[in-house]
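Q: Contents of start_19.csv (CSV, C-alpha atoms):
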chain,number,residue,atom,x,y,z
P,226,GLU,CA,0.0,0.0,0.0
P,227,PHE,CA,2.9,2.3,0.8
P,228,ALA,CA,4.5,1.6,-2.6
P,229,ARG,CA,1.3,2.2,-4.5
P,230,ARG,CA,0.7,5.5,-2.8
P,231,LEU,CA,4.3,6.6,-3.4
P,232,ILE,CA,4.0,5.8,-7.1
P,233,GLU,CA,0.6,7.6,-7.4
P,234,ASN,CA,1.8,10.6,-5.5
P,235,GLU,CA,-0.5,10.0,-2.5
P,236,LEU,CA,2.3,10.0,0.0
P,237,LEU,CA,1.0,13.2,1.6
P,238,PHE,CA,-2.4,11.5,2.3
P,239,TYR,CA,-0.5,8.6,3.8
P,240,THR,CA,1.2,10.7,6.4
P,241,ARG,CA,-2.0,12.4,7.3
P,242,GLU,CA,-3.7,9.1,8.0
P,243,GLN,CA,-1.2,8.1,10.6
P,244,ALA,CA,-2.4,7.9,14.2
P,245,PRO,CA,-2.2,11.4,15.9
P,246,ASP,CA,0.5,11.9,18.5
P,247,GLU,CA,-0.5,11.8,22.2
P,248,ALA,CA,-1.7,15.0,23.7
P,249,ARG,CA,1.2,17.2,24.7
P,250,ARG,CA,-0.3,18.3,28.0
P,251,LEU,CA,-2.9,17.1,30.5
P,252,HIS,CA,-5.4,19.8,31.5
P,253,TYR,CA,-7.0,19.6,34.9
P,254,LEU,CA,-10.2,21.7,35.2
P,255,LEU,CA,-10.6,22.2,38.9
P,256,ILE,CA,-14.0,23.5,39.8
P,257,ASP,CA,-15.1,24.9,43.1
P,258,ALA,CA,-18.4,23.3,44.2
P,259,SER,CA,-18.6,24.8,47.7
P,260,ALA,CA,-21.5,26.8,49.2
P,261,SER,CA,-19.7,30.0,48.2
P,262,MET,CA,-20.3,29.2,44.5
P,263,ARG,CA,-24.1,28.9,44.7
P,264,GLY,CA,-26.3,30.8,42.3
P,265,ASP,CA,-24.9,32.8,39.4
P,266,ARG,CA,-21.3,31.9,40.3
P,267,GLN,CA,-22.0,28.2,40.1
P,268,VAL,CA,-23.7,28.5,36.7
P,269,PHE,CA,-20.9,30.7,35.3
P,270,ALA,CA,-18.2,28.4,36.6
P,271,ARG,CA,-19.6,25.3,35.2
P,272,GLY,CA,-20.5,26.8,31.9
P,273,LEU,CA,-17.0,28.2,31.6
P,274,ALA,CA,-15.5,24.8,32.4
P,275,ILE,CA,-17.5,23.2,29.6
P,276,ALA,CA,-16.6,25.8,27.1
P,277,LEU,CA,-12.9,25.7,28.1
P,278,GLY,CA,-12.8,21.9,28.0
P,279,LYS,CA,-14.3,21.8,24.5
P,280,LYS,CA,-11.8,24.5,23.3
P,281,LEU,CA,-8.9,22.5,24.7
P,282,GLN,CA,-10.2,19.2,23.2
P,283,LEU,CA,-10.4,20.9,19.8
P,284,ALA,CA,-6.7,21.8,20.1
P,285,GLY,CA,-5.9,18.1,20.6
P,286,GLU,CA,-5.4,18.2,24.4
P,287,GLU,CA,-6.6,15.7,27.0
P,288,VAL,CA,-8.9,17.1,29.6
P,289,TRP,CA,-9.7,15.9,33.1
P,290,LEU,CA,-12.4,17.4,35.3
P,291,ARG,CA,-12.6,17.6,39.1
P,292,PHE,CA,-14.8,19.2,41.7
P,293,PHE,CA,-13.8,20.3,45.2
P,294,ASP,CA,-15.3,21.8,48.3
P,295,SER,CA,-14.2,20.4,51.6
P,296,ARG,CA,-12.5,17.6,49.7
P,297,LEU,CA,-11.3,16.7,46.3
P,298,TYR,CA,-13.7,14.6,44.3
P,299,ASP,CA,-12.9,11.8,41.8
P,300,VAL,CA,-11.4,12.6,38.5
P,301,GLN,CA,-13.7,12.6,35.4
P,302,ARG,CA,-11.6,11.8,32.3
P,303,ALA,CA,-13.2,13.3,29.3
P,304,ARG,CA,-13.3,11.2,26.2
P,305,PRO,CA,-11.9,12.7,23.0
P,306,GLY,CA,-14.5,15.1,21.6
P,307,GLN,CA,-16.9,14.5,24.5
P,308,LEU,CA,-17.3,16.1,27.9
P,309,PRO,CA,-19.6,14.9,30.7
P,310,ALA,CA,-21.7,18.0,30.6
P,311,ALA,CA,-24.7,16.4,32.4
P,312,TYR,CA,-22.4,15.4,35.3
P,313,MET,CA,-20.8,18.8,35.5
P,314,LEU,CA,-24.1,20.7,35.5
P,315,GLY,CA,-25.8,18.4,38.0
P,316,PHE,CA,-22.9,17.8,40.5
P,317,LYS,CA,-23.7,18.6,44.1
P,318,GLY,CA,-21.0,18.8,46.7
P,319,GLU,CA,-21.1,18.5,50.5
P,320,ARG,CA,-21.1,22.3,51.0
P,321,GLY,CA,-18.1,22.4,53.2
P,322,ARG,CA,-14.9,24.3,52.5
P,323,ASN,CA,-11.3,23.2,53.3
P,324,PRO,CA,-8.8,24.6,50.8
P,325,SER,CA,-5.8,23.5,52.7
P,326,ARG,CA,-6.9,19.9,52.7
P,327,VAL,CA,-7.9,20.0,49.0
P,328,PHE,CA,-4.7,21.5,47.8
P,329,ALA,CA,-2.5,19.3,49.9
P,330,GLN,CA,-4.1,16.3,48.3
P,331,LEU,CA,-3.8,17.9,44.8
P,332,ALA,CA,-0.1,18.6,45.3
P,333,THR,CA,0.5,14.9,46.3
P,334,GLU,CA,-1.5,13.6,43.3
P,335,ILE,CA,0.2,15.8,40.8
P,336,ALA,CA,3.6,14.8,42.1
P,337,LEU,CA,2.6,11.1,41.6
P,338,LEU,CA,1.2,11.9,38.1
P,339,ARG,CA,4.5,13.6,37.1
P,340,ALA,CA,6.4,10.4,38.1
P,341,ARG,CA,4.5,8.2,35.7
P,342,ASP,CA,3.4,10.6,32.9
P,343,GLN,CA,5.8,12.7,30.8
P,344,ARG,CA,3.1,15.3,29.8
P,345,ASP,CA,2.9,18.6,31.6
P,346,PRO,CA,-0.1,19.0,33.9
P,347,VAL,CA,-2.0,22.3,33.5
P,348,VAL,CA,-4.4,23.2,36.3
P,349,HIS,CA,-7.2,25.5,35.4
P,350,LEU,CA,-8.7,26.6,38.8
P,351,ILE,CA,-12.3,28.1,38.7
P,352,THR,CA,-13.2,29.3,42.1
P,353,HIS,CA,-14.5,32.0,44.5
P,354,ALA,CA,-12.3,35.0,45.1
P,355,ALA,CA,-11.9,34.0,48.8
P,356,LEU,CA,-10.0,30.8,48.2
P,357,HIS,CA,-7.3,31.2,50.8
P,358,VAL,CA,-4.7,28.5,50.3
P,359,PRO,CA,-1.4,28.4,52.2
P,360,ARG,CA,1.3,29.8,50.0
P,361,PRO,CA,3.7,26.8,50.4
P,362,LEU,CA,1.0,24.5,49.0
P,363,VAL,CA,0.5,26.7,45.9
P,364,THR,CA,4.3,26.9,45.5
P,365,GLU,CA,4.5,23.1,45.5
P,366,ILE,CA,1.8,22.7,43.0
P,367,ARG,CA,3.3,25.4,40.8
P,368,ARG,CA,6.6,23.6,40.9
P,369,GLN,CA,5.0,20.5,39.4
P,370,ALA,CA,2.4,22.0,37.0
P,371,HIS,CA,1.3,25.1,35.2
P,372,LEU,CA,-1.4,26.9,37.2
P,373,PHE,CA,-4.0,29.3,36.0
P,374,GLY,CA,-6.9,30.8,37.9
P,375,VAL,CA,-10.4,32.3,37.4
P,376,PHE,CA,-11.6,34.1,40.5
P,377,ILE,CA,-15.3,35.1,40.8
P,378,LEU,CA,-15.8,38.1,43.2
P,379,PRO,CA,-18.7,38.4,45.6
P,380,SER,CA,-20.8,41.6,45.5
P,381,GLY,CA,-18.5,44.5,46.4
P,382,GLY,CA,-15.6,42.2,47.0
P,383,GLU,CA,-12.0,42.5,46.0
P,384,LEU,CA,-9.3,39.9,45.1
P,385,ASP,CA,-6.7,39.7,47.8
P,386,LEU,CA,-4.9,36.4,47.9
P,387,GLU,CA,-1.2,36.0,48.9
P,388,TYR,CA,-0.3,33.5,46.1
P,389,LEU,CA,-1.4,35.5,43.0
P,390,ASP,CA,2.1,36.1,42.0
P,391,LEU,CA,2.8,32.4,41.8
P,392,LEU,CA,0.1,31.8,39.1
P,393,GLU,CA,1.1,31.9,35.4
P,394,GLY,CA,-2.1,33.8,34.7
P,395,TYR,CA,-5.5,34.6,36.1
P,396,ALA,CA,-8.8,36.3,35.4
P,397,VAL,CA,-11.2,38.1,37.7
P,398,VAL,CA,-14.9,38.2,37.1
P,399,ASP,CA,-16.9,40.7,39.2
P,400,ASN,CA,-20.5,40.5,40.4
P,401,ALA,CA,-21.7,43.2,38.0
P,402,THR,CA,-20.5,41.0,35.1
P,403,LEU,CA,-22.4,38.0,36.3
P,404,THR,CA,-25.7,39.9,36.4
P,405,GLN,CA,-25.5,41.0,32.8
P,406,LYS,CA,-26.1,38.4,30.1
P,407,ASN,CA,-23.9,40.1,27.4
P,408,ALA,CA,-21.1,41.0,29.7
P,409,ARG,CA,-21.1,37.5,31.2
P,410,ALA,CA,-20.9,35.9,27.8
P,411,ALA,CA,-18.1,38.2,26.7
P,412,ALA,CA,-16.1,37.5,29.8
P,413,ALA,CA,-16.4,33.8,29.4
P,414,THR,CA,-15.4,34.0,25.7
P,415,LYS,CA,-12.3,36.1,26.6
P,416,ILE,CA,-11.2,33.8,29.3
P,417,VAL,CA,-11.6,30.7,27.1
P,418,SER,CA,-9.7,32.3,24.2
P,419,GLU,CA,-6.8,33.7,26.4
P,420,ALA,CA,-6.5,30.5,28.4
P,421,ALA,CA,-6.1,28.5,25.3
P,422,GLU,CA,-3.6,31.0,23.9
P,423,LEU,CA,-1.5,30.9,27.1
P,424,SER,CA,-1.6,27.1,27.0
P,425,GLU,CA,-0.3,27.0,23.5
P,426,LYS,CA,2.6,29.4,24.4
P,427,MET,CA,3.7,27.4,27.4
P,428,PRO,CA,7.2,25.8,27.2
P,429,ALA,CA,7.5,22.1,27.0
P,430,SER,CA,8.3,21.6,30.6
P,431,THR,CA,7.4,23.4,33.8
P,432,ALA,CA,9.5,26.0,35.4
P,433,SER,CA,12.3,25.0,37.7
P,434,ALA,CA,12.1,25.7,41.5
P,435,GLU,CA,14.9,28.3,41.1
P,436,ALA,CA,13.0,30.1,38.4
P,437,LEU,CA,9.8,30.0,40.5
P,438,ARG,CA,11.5,31.5,43.5
P,439,GLY,CA,12.9,34.3,41.3
P,440,ALA,CA,9.4,35.0,39.9
P,441,ALA,CA,7.9,35.0,43.4
P,442,MET,CA,10.3,37.7,44.6
P,443,GLN,CA,9.0,40.2,42.0
P,444,GLU,CA,6.2,42.5,43.2
P,445,ASP,CA,4.0,43.2,40.2
P,446,ALA,CA,0.8,45.3,40.3
P,447,VAL,CA,-2.3,43.2,40.0
P,448,PRO,CA,-4.7,44.5,37.2
P,449,PRO,CA,-8.4,43.9,37.4
P,450,SER,CA,-8.5,41.7,34.3
P,451,LEU,CA,-6.6,38.7,33.0
P,452,ARG,CA,-2.9,38.8,33.9
P,453,THR,CA,-0.6,36.6,31.9
P,454,GLY,CA,2.4,35.0,33.6
P,455,ARG,CA,6.0,35.3,32.7
P,456,MET,CA,6.7,32.5,30.3
P,457,SER,CA,9.6,31.9,28.0
P,458,SER,CA,8.9,31.2,24.3
P,459,PRO,CA,8.2,27.5,23.5
P,460,PRO,CA,11.0,25.7,21.7
P,461,SER,CA,10.6,25.6,17.9
P,462,ARG,CA,9.2,22.4,16.5
P,463,ARG,CA,10.7,21.1,13.2
Could you render the structure as structure tokens?
A:
Amino acid sequence: EFARRLIENELLFYTREQAPDEARRLHYLLIDASASMRGDRQVFARGLAIALGKKLQLAGEEVWLRFFDSRLYDVQRARPGQLPAAYMLGFKGERGRNPSRVFAQLATEIALLRARDQRDPVVHLITHAALHVPRPLVTEIRRQAHLFGVFILPSGGELDLEYLDLLEGYAVVDNATLTQKNARAAAATKIVSEAAELSEKMPASTASAEALRGAAMQEDAVPPSLRTGRMSSPPSRR
């Protein structure tokens, strides 16, 4: 078959019909299901997770979904081209809240994942703006994986978390945006597009601990909208 295609100038089609390479990264969509996310925040967070998951799948990436509140729930591995939308929209947590416990477990599991999988984990955190996690835990996760955040503000609230400078990028959605249909849709579209672009620009491997400590020492101003992290250009592919 190879010889026939070569003779008939179909070699280009032959190469395209080969099995695609394994996804370069493993994307973790980590969704807050605690009582703080009830109402509009819950609807926005889950709708955003579905849209972002589909966008990443279209780019050939593997997507895992996971809820948390007072604990970290089981991983839902999305099939290629399919997302468990019904599960995501209907999930009900236990209504507690224990960020330290959740992120300690996440740090351990990502470390084990890195030991057996060569792909880079990318954690997309969708949560309430009051997610106070000990800085050392975030540092440990950031050492093992790329970390992005979407923080949804309460009415009249502000984003004031001690680990923001450790994230490679984050977006802030205020309460006024959630109450307006057009603004809500525009914010979700922007977050999905920019998160996908940042993911594509990421280097092949995560930052070293030394580079992370250097980045954490810099005191940057925090703008109200999406902030991209400091990332080197990805190596050229030949």
Q: Mind pulling up the distance from CA of Leu314 (chain P) to CA of Val268 (chain P)?
A: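 Taking CA of Val268 (chain P) as the start and CA of Leu314 (chain P) as the end point, the length is 7.9 Å.
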Q: Nearest to Val375 (chain P): which of P:His252, P:Arg296, P:Arg360, P:His353 is it, counting all atoms listed in the file?
A: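 Result for the nearest residue to Val375 (chain P): P:His353.
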Q: I'd like the contact shell of Val300 (chain P) - 7 Å cut-off, only C-alpha atoms, skipping same-chain residues fewer than 3 positions apart - returned as a list in words.
A: Trp289, Leu290 and Arg291 of chain P
Q: Work out how far apart CA of Glu286 (chain P) and CA of Arg326 (chain P) are and give it in Å to one decimal.
A: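 Between these atoms lies a distance of 28.4 Å.
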Q: Leaving out Ser295 (chain P) and any residue of its chain fewer than 2 positions from it, which residues lie within 8 Å of it when counting only C-alpha atoms, given as a list in words?
A: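 Near Ser295 (chain P), the qualifying residues are Ser259, Phe293, Leu297, Glu319, Arg320, Gly321, Arg322, Asn323, Pro324, Arg326 and Val327 of chain P.
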Q: For Ala370 (chain P), which of P:Ala274, P:Leu391, P:Ala284, P:Ile335 is the closest residue, counting all atoms listed in the file?
A: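 Of P:Ala274, P:Leu391, P:Ala284, P:Ile335, the one nearest Ala370 (chain P), counting all atoms listed in the file, is P:Ile335.
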Q: Have a look at CA of Ala354 (chain P) and CA of Ile377 (chain P) and let me know their distance in Å, one decimal.
A: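 CA of Ile377 (chain P) lies at a distance of 5.2 Å from CA of Ala354 (chain P).
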Q: Between P:Thr402, P:Thr352, P:Thr414, P:Gln282, which has the minimum distance to Arg263 (chain P) (counting all atoms listed in the file)?
A: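 So, comparing all the options, the nearest one is P:Thr352.
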Q: Give me the residues within 12 Å of Lys406 (chain P) as a ChimeraX atom specification, counting all atoms listed in the file and dropping any in the same chain fewer than 6 places off.
A: /P:265,269,400,412-413
Q: Next, dump the selected residues to file, keeping only C-alpha atoms, as a short mmCIF file (atom, residue, chain, number, x, y, z; two decimals), in the frame of the given file.
A:
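Printed below is part.cif as written:
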data_model
loop_
_atom_site.label_atom_id
_atom_site.label_comp_id
_atom_site.auth_asym_id
_atom_site.auth_seq_id
_atom_site.Cartn_x
_atom_site.Cartn_y
_atom_site.Cartn_z
CA ASP P 265 -24.90 32.80 39.40
CA PHE P 269 -20.90 30.70 35.30
CA ASN P 400 -20.50 40.50 40.40
CA ALA P 412 -16.10 37.50 29.80
CA ALA P 413 -16.40 33.80 29.40
#
Q: Excluding Asp399 (chain P) and its own-chain neighbours fewer than 5 positions away, which residues fall within 8 Å of it when counting only C-alpha atoms? Please give them as JSON, numbers by chain.
A: {"P": [377, 378, 379, 380]}
Q: Next, write the just-selected residues to a file, as an mmCIF file, in the coordinates of the input, keeping C-alpha atoms as the atom set.
A:
data_model
loop_
_atom_site.group_PDB
_atom_site.id
_atom_site.type_symbol
_atom_site.label_atom_id
_atom_site.label_comp_id
_atom_site.auth_asym_id
_atom_site.auth_seq_id
_atom_site.Cartn_x
_atom_site.Cartn_y
_atom_site.Cartn_z
ATOM 1 C CA ILE P 377 -15.300 35.100 40.800
ATOM 2 C CA LEU P 378 -15.800 38.100 43.200
ATOM 3 C CA PRO P 379 -18.700 38.400 45.600
ATOM 4 C CA SER P 380 -20.800 41.600 45.500
#
Q: Using only C-alpha atoms, pick whichever of P:Val397, P:Leu331, P:Val358, P:Leu273 has the shortest atom-to-atom distance to Gly374 (chain P).
A: P:Val397
Q: Which residue out of P:Val363, P:Ile416, P:Met262, P:Ala303 has the minimum interatomic distance to Leu392 (chain P) when all atoms listed in the file are used?
A: P:Val363
Q: Rank nothing, just name the residue among P:Ala270, P:Leu384, P:Ile275, P:Val398 nearest to Gln307 (chain P), using all atoms listed in the file.
A: P:Ile275
